[in-house]
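Inspection log for the structure reproduced underneath, given as C-alpha cells.
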Amino acid sequence: MSNYEYNILPEYSPLYPKLPYEYKDYQKVSVYCRGDVKKLKQFLPKEFELISDIFEVFILQNNEIEGLDVYSEGGVVIPCAYKGISGACVAFEYVNTDDSLCAGREIWGYPKKLAEVQFECNEHMVKGSVQRKGKKVIDIVFERDDQEIVIPNLSPRLQVKRMPHPEHDGTDINKIIKNELQNAVLKKQVYGKAQLIMEQSAADPLYQLGVKEILGAMYIEGAFTLTYGKVIDEITK
C-alpha cells in the first residue's frame, strides 16, 4: 500500500500526500487591526459569531516542509465562536501552489485561492504581498519598534467545510471543523509597526473589511505540525 492510501484523487497520482505535514521552518508577519463590526460579520461564515473587532492580516513564507511542496501564503483571520467554542476563522486565504490549495480546501475547508505571494525579510524590515487577478489585495511593510501589543485569541481554527452538491443547487458536504496546530515551536518573535494597503478588488474584497486602526504588528519564525482536525458539527439544513 502506498503512502497515499487511495483516498486522494487521482488515485494513481495523488495531488498531495496524507497527513501529517511537518512545517519545519517558516517566517510570518502579522498586522493586527481594529475593523468595522458589520463588515467583519459579513465575511464570516453565517454559522459563526463574531467575538472581537480585532483581526489579523498576515503573510507567511515556508522555507522547509515535509509533506507538501514549499509554498507561501497570506490571508485574514477573524476571531469567532461556534456553540460556545471560541477560536478564529481564516476568512480569506491565498497560496501559491496547487497541492497546498487543494489539501487545505478538501481536508479542512480553508477557503484557499491561488495567488502570487511575495515575501522579503532583512534585519530592519519585512515586506510581503498577495497579488491576484492584477490586484495587490494585501501589501504589508513591517518595521521593528519593540512596542508590545495584546494579541487576540486566534486558536483553534474554526472553519466551514462546504462543498456544492453534484445533482442540484445546495450543499453536499457542510461541516464545522476545529483544527489546531501541533508541536508548535516559536523560534523568534519581534514586535513592530506596519503599513497595510489592500487594493480594491471585486474578486477579493478584503479592502471592505473597514480597517479603523492598526494596533501593531509582529514578525515570528517557527515550526509546527499540521494534522487531522475534528468535525464538531454537521449542518443538515
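Chain lettering (A, B, ...) mirrors the order of the C-alpha cells, residue numbering begins at 1 for each chain separately, and ligand numbering begins at 1 in order of display.
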Would you mind listing, for every residue of stretch 132-159 of chain A within 10 Å of stretch 190-202 of chain A, the two atoms forming the shortest contact and the distance between them in Å to one decimal, using only C-alpha atoms, sorted by chain and ascending residue number, as JSON lines?
```
{"residue": "A:Arg132", "atom": "CA", "partner": "A:Ser201", "partner_atom": "CA", "distance": 8.9}
{"residue": "A:Lys133", "atom": "CA", "partner": "A:Ser201", "partner_atom": "CA", "distance": 8.5}
{"residue": "A:Gly134", "atom": "CA", "partner": "A:Ser201", "partner_atom": "CA", "distance": 8.9}
{"residue": "A:Lys135", "atom": "CA", "partner": "A:Glu199", "partner_atom": "CA", "distance": 6.2}
{"residue": "A:Lys136", "atom": "CA", "partner": "A:Glu199", "partner_atom": "CA", "distance": 5.5}
{"residue": "A:Val137", "atom": "CA", "partner": "A:Met198", "partner_atom": "CA", "distance": 4.7}
{"residue": "A:Ile138", "atom": "CA", "partner": "A:Met198", "partner_atom": "CA", "distance": 4.8}
{"residue": "A:Asp139", "atom": "CA", "partner": "A:Ile197", "partner_atom": "CA", "distance": 5.1}
{"residue": "A:Ile140", "atom": "CA", "partner": "A:Leu196", "partner_atom": "CA", "distance": 4.8}
{"residue": "A:Val141", "atom": "CA", "partner": "A:Gln195", "partner_atom": "CA", "distance": 5.2}
{"residue": "A:Phe142", "atom": "CA", "partner": "A:Ala194", "partner_atom": "CA", "distance": 4.4}
{"residue": "A:Glu143", "atom": "CA", "partner": "A:Gly192", "partner_atom": "CA", "distance": 5.4}
{"residue": "A:Arg144", "atom": "CA", "partner": "A:Gly192", "partner_atom": "CA", "distance": 4.0}
{"residue": "A:Asp145", "atom": "CA", "partner": "A:Gly192", "partner_atom": "CA", "distance": 4.6}
{"residue": "A:Asp146", "atom": "CA", "partner": "A:Tyr191", "partner_atom": "CA", "distance": 4.8}
{"residue": "A:Gln147", "atom": "CA", "partner": "A:Tyr191", "partner_atom": "CA", "distance": 5.9}
{"residue": "A:Glu148", "atom": "CA", "partner": "A:Tyr191", "partner_atom": "CA", "distance": 5.8}
{"residue": "A:Ile149", "atom": "CA", "partner": "A:Tyr191", "partner_atom": "CA", "distance": 7.6}
```
Give me the residues near A:Gln118 as a PDB file with N, CA and C atoms, in the first residue's frame, where near means some atom within 7 Å (using only C-alpha atoms) and where sequence neighbours in that chain fewer than 3 positions away do not count.
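Contents of around-v6.pdb, freshly written:
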```pdb
ATOM      1  N   GLY A 128       5.761  42.030   2.523  1.00  0.00           N
ATOM      2  CA  GLY A 128       5.014  40.909   1.982  1.00  0.00           C
ATOM      3  C   GLY A 128       3.805  41.385   1.210  1.00  0.00           C
ATOM      4  N   SER A 129       3.419  40.611   0.203  1.00  0.00           N
ATOM      5  CA  SER A 129       2.247  40.990  -0.582  1.00  0.00           C
ATOM      6  C   SER A 129       1.576  39.770  -1.170  1.00  0.00           C
ATOM      7  N   VAL A 130       0.273  39.933  -1.445  1.00  0.00           N
ATOM      8  CA  VAL A 130      -0.520  38.940  -2.168  1.00  0.00           C
ATOM      9  C   VAL A 130      -1.143  39.652  -3.358  1.00  0.00           C
TER      10      VAL A 130
END
```
Please report, as CSV, each residue of stretch 65-139 of chain A lying at most 10 Å from stretch 219-235 of chain A, together with the nearest pair of atoms and the separation in Å rounded to one decimal; use only C-alpha atoms, and order rows by chain and ascending residue number.
```
residue,atom,partner,partner_atom,distance
A:Ile65,CA,A:Ala223,CA,9.4
A:Glu66,CA,A:Thr225,CA,9.5
A:Gly67,CA,A:Leu226,CA,9.9
A:Tyr82,CA,A:Ile232,CA,9.3
A:Lys83,CA,A:Asp233,CA,9.6
A:Ile85,CA,A:Ile232,CA,9.6
A:Ile107,CA,A:Tyr228,CA,8.0
A:Trp108,CA,A:Gly229,CA,6.9
A:Cys121,CA,A:Tyr219,CA,9.9
A:Met125,CA,A:Tyr219,CA,9.7
A:Val126,CA,A:Tyr219,CA,8.0
```
Item to complete: Enumerate the residues of stretch 94-209 of chain A with a DSSP assignment of strand (DSSP E), computed from the backbone, and present them as a PyMOL selection string.
Response: chain A and resi 94-95+112-114+116-121+125-132+135-144+157-164+171-179+182-197
Using only C-alpha atoms, which residues of stretch 31-113 of chain A come within 9 Å of stretch 159-168 of chain A, and what is the closest atom pair for each, with the distance in Å to one decimal? Give it as a tab-separated table, sorted by chain and residue number.
```
residue	atom	partner	partner_atom	distance
A:Pro45	CA	A:Val160	CA	7.1
A:Glu47	CA	A:Val160	CA	8.3
A:Ala88	CA	A:Gln159	CA	8.3
A:Cys89	CA	A:Gln159	CA	5.8
A:Val90	CA	A:Gln159	CA	7.1
A:Ala91	CA	A:Gln159	CA	8.5
A:Arg105	CA	A:Lys161	CA	7.5
A:Glu106	CA	A:Lys161	CA	7.8
A:Ile107	CA	A:Lys161	CA	8.0
A:Trp108	CA	A:Lys161	CA	6.1
A:Gly109	CA	A:Lys161	CA	3.9
A:Tyr110	CA	A:Gln159	CA	6.5
A:Pro111	CA	A:Gln159	CA	8.7
```
Discussion item. If we count only C-alpha atoms and set the cut-off at 6 Å, which residues sit around A:Glu73, ignoring sequence neighbours fewer than 4 positions away in its own chain? Please answer as a VMD selection string.
Written reply: chain A and resid 59 to 60 94 to 95
Output for the residues just chosen: N, CA, C and O atoms as a compact mmCIF listing (two decimals), in the first residue's frame:
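Below you can see out37.txt, which holds the result:
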```
# COMPACT_ATOMS: atom_id res chain seq x y z
N ILE A 59 1.11 37.55 6.16
CA ILE A 59 1.85 36.94 5.05
C ILE A 59 2.83 35.95 5.68
O ILE A 59 3.51 36.28 6.66
N LEU A 60 2.93 34.74 5.11
CA LEU A 60 3.77 33.69 5.69
C LEU A 60 4.57 33.03 4.58
O LEU A 60 4.02 32.68 3.53
N TYR A 94 -4.74 32.82 0.71
CA TYR A 94 -4.15 32.77 -0.62
C TYR A 94 -2.83 32.01 -0.56
O TYR A 94 -2.00 32.27 0.32
N VAL A 95 -2.64 31.08 -1.48
CA VAL A 95 -1.42 30.28 -1.54
C VAL A 95 -0.91 30.26 -2.98
O VAL A 95 -1.64 30.60 -3.92
```
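The two atoms in question, atom CA of A:Lys24 and atom CA of A:Asn62, are spaced 8.3 Å apart.
Nearest residue to A:Lys39, choosing from A:Leu215, A:Ile78, A:Ser100, A:Tyr71 and counting only C-alpha atoms: A:Ile78.
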Fill in: Residue list (helix (DSSP H, G or I), DSSP) for chain A, as a PyMOL selection string
chain A and resi 37-42+98-108+206-209
Item to complete: Go through A:Asp53, A:Asp69, A:Glu116, A:Glu64 one by one, measure the shortest atom-to-atom distance of each to A:Gln131 using only C-alpha atoms, and give the residue with the smallest value.
Response: A:Glu116
Worksheet item: Could you work out how far atom CA of A:Phe55 lies from atom CA of A:Ile151, giving the answer in Å with one decimal?
Response: 9.4 Å
